[in-house]
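Colleague: Sharing model24.txt (compact mmCIF, C-alpha atoms) below.
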# COMPACT_ATOMS: atom_id res chain seq x y z
CA MET U 1 37.40 93.44 -23.12
CA ASN U 2 36.24 90.79 -25.61
CA CYS U 3 33.42 88.25 -25.13
CA GLN U 4 35.80 85.45 -24.07
CA ASP U 5 37.23 87.58 -21.24
CA ALA U 6 33.74 88.73 -20.26
CA ARG U 7 32.44 85.19 -19.97
CA LYS U 8 35.15 84.28 -17.50
CA LEU U 9 33.96 87.12 -15.25
CA ILE U 10 30.20 86.73 -15.70
CA PRO U 11 29.71 83.91 -13.13
CA TRP U 12 31.49 86.00 -10.50
CA GLN U 13 29.39 89.04 -11.36
CA ALA U 14 26.26 86.88 -11.07
CA ALA U 15 27.42 85.64 -7.67
CA GLY U 16 28.09 89.22 -6.52
CA SER U 17 31.77 88.76 -5.74
CA LEU U 18 33.51 90.38 -8.71
CA PRO U 19 35.97 93.11 -7.61
CA ASP U 20 34.83 96.66 -8.48
CA GLU U 21 37.51 97.31 -11.09
CA GLU U 22 36.70 94.19 -13.09
CA GLY U 23 32.99 94.81 -12.54
CA ALA U 24 33.30 98.24 -14.18
CA ALA U 25 35.18 96.80 -17.18
CA LEU U 26 32.56 94.07 -17.54
CA ALA U 27 29.71 96.57 -17.32
CA ALA U 28 31.27 98.58 -20.14
CA HIS U 29 31.42 95.45 -22.30
CA LEU U 30 27.87 94.38 -21.42
CA ALA U 31 26.50 97.77 -22.46
CA GLY U 32 27.35 96.97 -26.05
CA CYS U 33 26.99 93.17 -26.13
CA PRO U 34 23.47 91.63 -26.04
CA ALA U 35 24.91 88.09 -26.20
CA CYS U 36 26.92 88.58 -23.00
CA ARG U 37 23.94 90.25 -21.32
CA ALA U 38 21.95 87.10 -22.06
CA GLU U 39 24.84 85.06 -20.68
CA LEU U 40 24.73 87.11 -17.47
CA ALA U 41 20.97 86.62 -17.13
CA GLN U 42 21.49 82.86 -17.50
CA ALA U 43 24.29 82.93 -14.91
CA VAL U 44 22.06 84.79 -12.43
CA ARG U 45 19.40 82.07 -12.77
CA LEU U 46 22.05 79.41 -12.34
CA VAL U 47 23.39 81.00 -9.15
CA ARG U 48 19.86 81.25 -7.76
CA ASP U 49 19.05 77.59 -8.54
CA LEU U 50 22.33 76.27 -7.17
CA ARG U 51 22.14 78.40 -4.03
CA GLU U 52 18.69 76.97 -3.44
CA ALA U 53 19.92 73.42 -4.05
CA PHE U 54 22.89 73.79 -1.69
CA GLY U 55 20.55 75.28 0.92
CA LEU U 56 18.37 72.16 0.74
CA MET U 57 21.26 69.81 1.44
CA PRO U 58 21.06 67.96 4.77
CA GLU U 59 22.89 68.88 7.96
CA PRO U 60 25.28 66.68 9.93
CA THR U 61 23.65 64.47 12.55
CA THR U 62 23.78 65.55 16.18
CA GLU U 63 26.15 62.69 17.00
CA VAL U 64 28.94 64.46 15.10
CA TRP U 65 29.26 67.13 17.78
CA ALA U 66 29.50 64.50 20.53
CA ARG U 67 32.21 62.63 18.61
CA THR U 68 34.06 65.86 17.84
CA LEU U 69 34.05 66.97 21.47
CA ALA U 70 35.19 63.54 22.65
CA ARG U 71 38.07 63.63 20.15
CA ALA U 72 38.98 67.19 21.19
CA ARG U 73 39.05 66.22 24.85
CA GLY U 74 41.16 63.18 24.06
CA ILE U 75 41.07 59.66 25.46
CA PRO U 76 41.03 59.95 29.24
CA LEU U 77 43.73 57.94 31.03
CA GLY U 78 42.67 58.98 34.48
CA SER U 79 41.56 61.92 36.59
CA LEU U 80 41.51 63.07 40.18
CA ASP U 81 38.47 65.02 41.38
CA VAL U 82 38.22 66.81 44.70
CA GLY U 83 35.44 69.00 46.10
CA SER U 84 31.74 68.95 45.25
CA PHE U 85 29.33 69.93 42.47
CA LEU U 86 29.37 73.53 43.72
CA LEU U 87 33.12 73.91 43.88
CA GLY U 88 35.74 71.41 42.91
CA LEU U 89 39.06 70.78 41.25
CA SER U 90 39.78 68.19 38.59
CA ILE U 91 43.19 67.09 37.38
CA GLY U 92 43.22 64.76 34.37
CA LEU U 93 45.63 62.92 32.11
CA SER U 94 44.59 62.02 28.56
CA VAL U 95 45.86 61.04 25.13
CA ARG U 96 45.18 63.68 22.49
CA GLY U 97 46.74 64.10 19.07
CA GLY U 98 49.74 61.92 19.91
CA LYS U 99 50.41 63.82 23.16
CA VAL U 100 49.61 63.17 26.79
CA PRO U 101 48.54 66.49 28.27
CA LEU U 102 47.94 67.04 31.99
CA THR U 103 44.99 69.38 32.51
CA GLY U 104 43.54 71.10 35.54
CA GLU U 105 40.01 72.46 35.74
CA LEU U 106 38.04 74.36 38.34
CA LYS U 107 34.47 73.10 38.63
CA LEU U 108 32.04 75.79 39.58
CA PHE U 109 28.32 75.03 39.86
CA GLY U 110 28.72 72.26 37.28
CA HIS U 111 30.69 74.42 34.83
CA ARG U 112 34.29 73.61 33.94
CA VAL U 113 36.81 76.44 33.94
CA PRO U 114 40.24 75.52 32.48
CA LEU U 115 43.09 76.33 34.87
CA PHE U 116 46.15 74.91 33.16
CA GLU U 117 47.31 72.46 30.54
CA ILE U 118 50.78 70.97 30.41
CA GLU U 119 51.64 69.25 27.13
CA GLY U 120 53.14 65.81 27.62
CA GLY U 121 55.52 64.13 25.21
CA ALA U 122 54.57 62.15 22.15
CA ARG U 123 53.35 58.63 22.57
CA MET W 1 34.16 88.34 10.97
CA ALA W 2 35.13 89.76 14.32
CA GLU W 3 32.90 87.25 16.12
CA ASP W 4 34.70 84.34 14.47
CA ARG W 5 38.09 85.72 15.54
CA GLU W 6 36.86 86.23 19.09
CA LEU W 7 35.50 82.68 19.23
CA LEU W 8 38.70 81.24 17.79
CA ALA W 9 40.81 83.13 20.34
CA ARG W 10 38.66 81.62 23.09
CA VAL W 11 38.95 78.16 21.54
CA ALA W 12 42.73 78.57 21.74
CA THR W 13 42.30 78.83 25.55
CA ARG W 14 40.34 75.54 25.51
CA ASP W 15 36.96 77.25 26.00
CA GLU W 16 34.44 74.52 25.12
CA VAL W 17 31.48 76.94 25.05
CA ALA W 18 33.23 78.98 22.35
CA PHE W 19 34.14 75.75 20.55
CA ARG W 20 30.48 74.74 20.47
CA ARG W 21 29.48 78.15 19.09
CA LEU W 22 32.16 77.97 16.40
CA TYR W 23 31.02 74.42 15.59
CA ASP W 24 27.42 75.63 15.24
CA ARG W 25 28.55 78.35 12.85
CA TYR W 26 30.57 76.05 10.61
CA ALA W 27 29.51 72.41 10.92
CA THR W 28 26.66 72.55 8.40
CA ARG W 29 28.67 74.66 5.94
CA VAL W 30 31.67 72.33 6.12
CA PHE W 31 29.36 69.31 5.90
CA ARG W 32 27.66 70.63 2.76
CA TYR W 33 31.02 71.46 1.20
CA ALA W 34 32.33 67.95 1.91
CA LEU W 35 29.08 66.35 0.74
CA THR W 36 29.32 68.34 -2.50
CA ILE W 37 32.70 66.93 -3.41
CA LEU W 38 32.57 63.50 -1.70
CA GLY W 39 28.93 62.58 -2.30
CA SER W 40 28.72 60.62 0.95
CA GLN W 41 27.05 61.78 4.16
CA HIS W 42 29.17 59.41 6.19
CA LEU W 43 32.42 60.77 4.76
CA ALA W 44 31.15 64.35 4.96
CA GLU W 45 30.53 63.88 8.69
CA GLU W 46 34.06 62.52 9.01
CA VAL W 47 35.34 65.71 7.38
CA VAL W 48 33.34 67.87 9.82
CA GLN W 49 34.72 65.97 12.78
CA GLU W 50 38.34 66.00 11.61
CA THR W 51 38.14 69.65 10.60
CA MET W 52 36.74 70.81 13.91
CA VAL W 53 39.21 68.73 15.92
CA ALA W 54 42.00 70.33 13.84
CA VAL W 55 40.50 73.75 14.61
CA TRP W 56 40.48 72.91 18.32
CA GLU W 57 44.08 71.77 18.24
CA GLY W 58 45.34 74.49 15.90
CA ALA W 59 43.37 77.55 17.07
CA GLY W 60 46.42 78.93 18.85
CA SER W 61 48.45 78.86 15.63
CA PHE W 62 45.94 80.92 13.61
CA LYS W 63 47.96 83.91 12.41
CA GLY W 64 45.04 86.19 11.54
CA SER W 65 46.32 86.96 8.04
CA SER W 66 43.13 85.57 6.50
CA ARG W 67 39.49 85.33 7.47
CA VAL W 68 38.64 82.57 9.93
CA SER W 69 36.28 81.08 7.35
CA THR W 70 39.11 80.90 4.80
CA TRP W 71 41.28 79.09 7.34
CA ILE W 72 38.55 76.64 8.39
CA PHE W 73 37.55 75.83 4.81
CA GLY W 74 41.23 75.38 3.98
CA VAL W 75 41.45 72.77 6.73
CA ALA W 76 38.20 71.17 5.50
CA ARG W 77 39.54 71.11 1.96
CA ASN W 78 42.66 69.24 3.07
CA GLN W 79 40.57 66.73 5.01
CA ALA W 80 38.12 66.23 2.13
CA HIS W 81 40.84 65.76 -0.47
CA ALA W 82 42.67 63.31 1.77
CA LEU W 83 39.45 61.26 1.85
CA LEU W 84 39.07 61.62 -1.93
CA ARG W 85 42.57 60.18 -2.36
CA ARG W 86 41.76 57.40 0.10
CA GLU W 87 38.58 56.60 -1.84
CA ALA W 88 40.54 56.58 -5.08
CA ARG W 89 42.87 53.98 -3.57
CA GLY W 90 39.81 51.87 -2.83
CA VAL W 91 40.20 51.92 0.94
CA ARG W 92 36.53 52.68 1.28
CA THR W 93 33.78 53.15 -1.27
CA ALA W 94 31.32 56.02 -1.25
CA ASN W 95 28.44 55.30 -3.56
CA GLU W 96 25.68 57.22 -1.84
CA PRO W 97 23.91 59.66 -4.15
CA LEU W 98 24.33 63.34 -3.38
CA VAL W 99 21.34 63.94 -1.14
CA LEU W 100 19.23 67.01 -1.73
CA PRO W 101 15.99 66.70 0.27
CA ASP W 102 13.03 68.49 -1.14
CA PRO W 103 10.71 69.84 1.54
CA ALA W 104 9.23 72.42 -0.83
CA GLY W 105 8.03 69.86 -3.34
CA GLN W 106 10.24 71.06 -6.20
CA VAL W 107 11.38 67.53 -6.91
CA GLU W 108 12.11 67.86 -10.58
CA LYS W 109 14.10 71.09 -10.34
CA VAL W 110 16.18 69.95 -7.39
CA GLU W 111 16.84 66.61 -9.07
CA ARG W 112 18.03 68.32 -12.23
CA VAL W 113 20.40 70.56 -10.27
CA ARG W 114 21.65 67.56 -8.26
CA SER W 115 22.27 65.61 -11.42
CA ALA W 116 24.07 68.54 -13.06
CA LEU W 117 26.32 69.01 -10.02
CA GLU W 118 27.19 65.32 -9.89
CA ARG W 119 28.38 65.41 -13.48
CA LEU W 120 31.03 68.00 -12.66
CA PRO W 121 34.47 66.84 -11.59
CA PRO W 122 35.10 67.46 -7.84
CA GLU W 123 37.51 70.34 -8.51
CA GLN W 124 34.79 72.22 -10.39
CA ARG W 125 32.10 71.31 -7.87
CA GLU W 126 34.05 72.83 -4.99
CA VAL W 127 34.62 76.10 -6.88
CA VAL W 128 30.88 76.30 -7.61
CA PHE W 129 30.06 75.62 -3.95
CA PHE W 130 32.43 78.28 -2.62
CA ALA W 131 31.41 80.87 -5.22
CA PHE W 132 27.65 80.37 -5.31
CA TYR W 133 26.80 79.11 -1.80
CA GLU W 134 29.50 80.71 0.33
CA GLY W 135 29.69 83.82 -1.88
CA LEU W 136 33.49 83.81 -1.89
CA SER W 137 35.53 85.74 -4.45
CA TYR W 138 37.91 83.93 -6.79
CA ARG W 139 40.79 85.35 -4.72
CA GLU W 140 39.47 83.79 -1.51
CA ILE W 141 38.81 80.49 -3.27
CA ALA W 142 42.34 80.47 -4.71
CA ARG W 143 43.65 80.92 -1.18
CA ILE W 144 41.56 78.08 0.23
CA LEU W 145 42.45 75.68 -2.57
CA GLY W 146 46.08 76.77 -2.83
CA ILE W 147 45.88 77.30 -6.59
CA PRO W 148 46.36 80.36 -8.89
CA GLU W 149 43.44 82.74 -9.33
CA GLY W 150 43.48 82.05 -13.06
CA THR W 151 42.90 78.36 -12.38
CA VAL W 152 39.88 79.18 -10.22
CA LYS W 153 38.43 81.36 -12.99
CA SER W 154 39.10 78.63 -15.54
CA ARG W 155 37.40 75.95 -13.40
CA MET W 156 34.39 78.21 -12.93
CA TYR W 157 34.22 78.98 -16.65
CA HIS W 158 34.07 75.29 -17.51
CA ALA W 159 31.73 74.46 -14.60
CA LYS W 160 29.29 77.16 -15.65
CA ARG W 161 29.31 75.95 -19.24
CA ASN W 162 28.73 72.35 -18.17
CA LEU W 163 25.94 73.29 -15.77
CA ALA W 164 24.23 75.54 -18.29
CA GLU W 165 24.27 72.74 -20.88
CA VAL W 166 22.67 70.25 -18.51
CA LEU W 167 20.17 72.68 -16.99
CA ALA W 168 19.20 74.47 -20.23
Take the structure from the file and write it as structure tokens.
Modeller:
Amino acid sequence: MNCQDARKLIPWQAAGSLPDEEGAALAAHLAGCPACRAELAQAVRLVRDLREAFGLMPEPTTEVWARTLARARGIPLGSLDVGSFLLGLSIGLSVRGGKVPLTGELKLFGHRVPLFEIEGGAR
Amino acid sequence: MAEDRELLARVATRDEVAFRRLYDRYATRVFRYALTILGSQHLAEEVVQETMVAVWEGAGSFKGSSRVSTWIFGVARNQAHALLRREARGVRTANEPLVLPDPAGQVEKVERVRSALERLPPEQREVVFFAFYEGLSYREIARILGIPEGTVKSRMYHAKRNLAEVLA
């Protein structure tokens, strides 16, 4: 392995994801190459700094989950609910991903348990 | 991870509790990936939403030949690059700076890293993110991005050189 080949592998070694076989070949090269050892030390610092920087990036706002769930459930066209909070049955029709699925859910103590879903045709 | 596969199988049966748990495991990671290449919190949130809706709708089609994370980041990548193309066409403009808050008071260091990252082209930035933050191998990254392993190594080689120059 020459220095050019080694330097393509060094970032992956620094990140800890280099496959064993290539790691062994790189280690053999590093044993006799102070310049590439210095390159590896620099790459390790770089990985540490970037990992820290990525870890300090913000998180999505809480509204994203609400919007995601609403999109996943689809746009409700109508539903029929029978029973009570303790035990009930809900049948709904919605628009989701260009389809109009008919869904049935059992409502048990406020929790929804999916019973069936029949995919409707495209809009 | 086995837990991811179990959650995804439950999502395929329209289990919203499992969907929420899968969302909690991936939303921040997908958001940070999208923010890294798009540089806009608004667009990054759009990527999270579109990715997770695609996961909800496509969970039943997951073949299990890759890790769940590889599949989800592959979906996120497609969503993020679609937005990049849309931005390039001028449909919407994202000019927000890449936000790296600094609760620990290391303003200068974080700013230098932020600045160095922003100078990289998006295709190098995403390789750096996947390799250094997600800890993925070049093989996994090649699979997510749909490019040869040699191209991933090449992008990383150039990214590392560029970053080292700026951060030296």
Colleague: Rounded to one decimal, what separation in Å do you get between CA of Arg25 (chain W) and CA of Val11 (chain W)?
Modeller: 13.6 Å
Colleague: When distances are computed from all atoms listed in the file, which of U:Ala35, U:Met1, U:Gly92, U:Asp49 shows the smallest separation from Glu22 (chain U)?
Modeller: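 Counting all atoms listed in the file, the residue closest to Glu22 (chain U) is U:Met1.
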Colleague: How far is it from CA of Phe130 (chain W) to CA of Lys153 (chain W), in Å with one decimal?
Modeller: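 Spanning CA of Phe130 (chain W) to CA of Lys153 (chain W) is a straight-line distance of 12.4 Å.
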Colleague: Residues of chain W within 7 Å of chain U, counting all atoms listed in the file, what are they? List them as a PyMOL selection string.
Modeller: chain W and resi 14+28+31-32+45+49+52-53+56+99-102+110+113+131-133+135-137+153+157
Colleague: What does the structure give for the distance between CA of Gly88 (chain U) and CA of Leu106 (chain U), in Å to one decimal?
Modeller: 5.9 Å
Colleague: Write only all heavy atoms for region 37-49 of chain U from the block just shown, as a PDB file, in the first residue's frame.
Modeller:
ATOM      1  N   ARG U  37       0.866   8.430   9.734  1.00  0.00           N
ATOM      2  CA  ARG U  37       0.440   8.373  11.144  1.00  0.00           C
ATOM      3  C   ARG U  37      -0.023   9.760  11.598  1.00  0.00           C
ATOM      4  O   ARG U  37      -1.001   9.893  12.324  1.00  0.00           O
ATOM      5  CB  ARG U  37       1.587   7.868  12.030  1.00  0.00           C
ATOM      6  CG  ARG U  37       1.819   6.369  11.914  1.00  0.00           C
ATOM      7  CD  ARG U  37       2.540   5.817  13.157  1.00  0.00           C
ATOM      8  NE  ARG U  37       3.841   6.413  13.402  1.00  0.00           N
ATOM      9  CZ  ARG U  37       4.989   6.010  12.836  1.00  0.00           C
ATOM     10  NH1 ARG U  37       4.978   4.993  12.004  1.00  0.00           N
ATOM     11  NH2 ARG U  37       6.132   6.602  13.134  1.00  0.00           N
ATOM     12  N   ALA U  38       0.682  10.778  11.159  1.00  0.00           N
ATOM     13  CA  ALA U  38       0.268  12.151  11.496  1.00  0.00           C
ATOM     14  C   ALA U  38      -1.074  12.476  10.834  1.00  0.00           C
ATOM     15  O   ALA U  38      -1.936  13.141  11.433  1.00  0.00           O
ATOM     16  CB  ALA U  38       1.337  13.140  11.037  1.00  0.00           C
ATOM     17  N   GLU U  39      -1.241  11.982   9.628  1.00  0.00           N
ATOM     18  CA  GLU U  39      -2.510  12.178   8.907  1.00  0.00           C
ATOM     19  C   GLU U  39      -3.667  11.517   9.661  1.00  0.00           C
ATOM     20  O   GLU U  39      -4.760  12.082   9.766  1.00  0.00           O
ATOM     21  CB  GLU U  39      -2.369  11.568   7.501  1.00  0.00           C
ATOM     22  CG  GLU U  39      -3.534  11.786   6.579  1.00  0.00           C
ATOM     23  CD  GLU U  39      -3.527  13.150   5.895  1.00  0.00           C
ATOM     24  OE1 GLU U  39      -2.529  13.864   6.018  1.00  0.00           O
ATOM     25  OE2 GLU U  39      -4.550  13.475   5.272  1.00  0.00           O
ATOM     26  N   LEU U  40      -3.405  10.321  10.202  1.00  0.00           N
ATOM     27  CA  LEU U  40      -4.433   9.616  10.976  1.00  0.00           C
ATOM     28  C   LEU U  40      -4.770  10.389  12.250  1.00  0.00           C
ATOM     29  O   LEU U  40      -5.955  10.532  12.604  1.00  0.00           O
ATOM     30  CB  LEU U  40      -3.971   8.194  11.319  1.00  0.00           C
ATOM     31  CG  LEU U  40      -4.927   7.383  12.200  1.00  0.00           C
ATOM     32  CD1 LEU U  40      -6.284   7.192  11.519  1.00  0.00           C
ATOM     33  CD2 LEU U  40      -4.329   6.011  12.551  1.00  0.00           C
ATOM     34  N   ALA U  41      -3.751  10.894  12.923  1.00  0.00           N
ATOM     35  CA  ALA U  41      -3.997  11.662  14.155  1.00  0.00           C
ATOM     36  C   ALA U  41      -4.851  12.890  13.854  1.00  0.00           C
ATOM     37  O   ALA U  41      -5.783  13.225  14.608  1.00  0.00           O
ATOM     38  CB  ALA U  41      -2.661  12.083  14.772  1.00  0.00           C
ATOM     39  N   GLN U  42      -4.572  13.538  12.719  1.00  0.00           N
ATOM     40  CA  GLN U  42      -5.366  14.709  12.310  1.00  0.00           C
ATOM     41  C   GLN U  42      -6.806  14.303  12.000  1.00  0.00           C
ATOM     42  O   GLN U  42      -7.757  14.992  12.368  1.00  0.00           O
ATOM     43  CB  GLN U  42      -4.725  15.340  11.070  1.00  0.00           C
ATOM     44  CG  GLN U  42      -5.436  16.578  10.579  1.00  0.00           C
ATOM     45  CD  GLN U  42      -5.015  16.939   9.153  1.00  0.00           C
ATOM     46  OE1 GLN U  42      -5.071  16.106   8.254  1.00  0.00           O
ATOM     47  NE2 GLN U  42      -4.586  18.173   8.961  1.00  0.00           N
ATOM     48  N   ALA U  43      -6.955  13.135  11.333  1.00  0.00           N
ATOM     49  CA  ALA U  43      -8.301  12.660  10.984  1.00  0.00           C
ATOM     50  C   ALA U  43      -9.107  12.320  12.234  1.00  0.00           C
ATOM     51  O   ALA U  43     -10.310  12.580  12.300  1.00  0.00           O
ATOM     52  CB  ALA U  43      -8.202  11.447  10.067  1.00  0.00           C
ATOM     53  N   VAL U  44      -8.454  11.759  13.236  1.00  0.00           N
ATOM     54  CA  VAL U  44      -9.145  11.425  14.496  1.00  0.00           C
ATOM     55  C   VAL U  44      -9.677  12.700  15.155  1.00  0.00           C
ATOM     56  O   VAL U  44     -10.814  12.747  15.643  1.00  0.00           O
ATOM     57  CB  VAL U  44      -8.197  10.642  15.447  1.00  0.00           C
ATOM     58  CG1 VAL U  44      -8.791  10.551  16.853  1.00  0.00           C
ATOM     59  CG2 VAL U  44      -7.908   9.254  14.889  1.00  0.00           C
ATOM     60  N   ARG U  45      -8.862  13.759  15.152  1.00  0.00           N
ATOM     61  CA  ARG U  45      -9.320  15.039  15.728  1.00  0.00           C
ATOM     62  C   ARG U  45     -10.495  15.609  14.928  1.00  0.00           C
ATOM     63  O   ARG U  45     -11.455  16.129  15.489  1.00  0.00           O
ATOM     64  CB  ARG U  45      -8.160  16.047  15.752  1.00  0.00           C
ATOM     65  CG  ARG U  45      -7.095  15.759  16.801  1.00  0.00           C
ATOM     66  CD  ARG U  45      -6.169  16.965  16.997  1.00  0.00           C
ATOM     67  NE  ARG U  45      -5.442  17.302  15.780  1.00  0.00           N
ATOM     68  CZ  ARG U  45      -4.269  16.771  15.418  1.00  0.00           C
ATOM     69  NH1 ARG U  45      -3.694  15.877  16.193  1.00  0.00           N
ATOM     70  NH2 ARG U  45      -3.670  17.138  14.292  1.00  0.00           N
ATOM     71  N   LEU U  46     -10.397  15.457  13.621  1.00  0.00           N
ATOM     72  CA  LEU U  46     -11.458  15.962  12.746  1.00  0.00           C
ATOM     73  C   LEU U  46     -12.785  15.232  13.011  1.00  0.00           C
ATOM     74  O   LEU U  46     -13.844  15.866  13.124  1.00  0.00           O
ATOM     75  CB  LEU U  46     -11.032  15.766  11.283  1.00  0.00           C
ATOM     76  CG  LEU U  46     -11.867  16.448  10.211  1.00  0.00           C
ATOM     77  CD1 LEU U  46     -11.848  17.958  10.376  1.00  0.00           C
ATOM     78  CD2 LEU U  46     -11.343  16.063   8.828  1.00  0.00           C
ATOM     79  N   VAL U  47     -12.703  13.927  13.132  1.00  0.00           N
ATOM     80  CA  VAL U  47     -13.914  13.134  13.418  1.00  0.00           C
ATOM     81  C   VAL U  47     -14.521  13.573  14.749  1.00  0.00           C
ATOM     82  O   VAL U  47     -15.732  13.796  14.853  1.00  0.00           O
ATOM     83  CB  VAL U  47     -13.586  11.617  13.447  1.00  0.00           C
ATOM     84  CG1 VAL U  47     -14.782  10.825  13.971  1.00  0.00           C
ATOM     85  CG2 VAL U  47     -13.192  11.122  12.057  1.00  0.00           C
ATOM     86  N   ARG U  48     -13.671  13.764  15.749  1.00  0.00           N
ATOM     87  CA  ARG U  48     -14.155  14.167  17.069  1.00  0.00           C
ATOM     88  C   ARG U  48     -14.850  15.531  17.002  1.00  0.00           C
ATOM     89  O   ARG U  48     -15.950  15.711  17.517  1.00  0.00           O
ATOM     90  CB  ARG U  48     -12.969  14.216  18.045  1.00  0.00           C
ATOM     91  CG  ARG U  48     -13.338  14.548  19.484  1.00  0.00           C
ATOM     92  CD  ARG U  48     -12.124  14.987  20.259  1.00  0.00           C
ATOM     93  NE  ARG U  48     -11.515  16.168  19.647  1.00  0.00           N
ATOM     94  CZ  ARG U  48     -10.215  16.487  19.739  1.00  0.00           C
ATOM     95  NH1 ARG U  48      -9.381  15.715  20.383  1.00  0.00           N
ATOM     96  NH2 ARG U  48      -9.753  17.591  19.166  1.00  0.00           N
ATOM     97  N   ASP U  49     -14.221  16.485  16.314  1.00  0.00           N
ATOM     98  CA  ASP U  49     -14.793  17.838  16.226  1.00  0.00           C
ATOM     99  C   ASP U  49     -16.105  17.850  15.444  1.00  0.00           C
ATOM    100  O   ASP U  49     -17.070  18.524  15.825  1.00  0.00           O
ATOM    101  CB  ASP U  49     -13.796  18.792  15.552  1.00  0.00           C
ATOM    102  CG  ASP U  49     -12.601  19.088  16.441  1.00  0.00           C
ATOM    103  OD1 ASP U  49     -12.660  18.745  17.644  1.00  0.00           O
ATOM    104  OD2 ASP U  49     -11.612  19.638  15.932  1.00  0.00           O
TER     105      ASP U  49
END
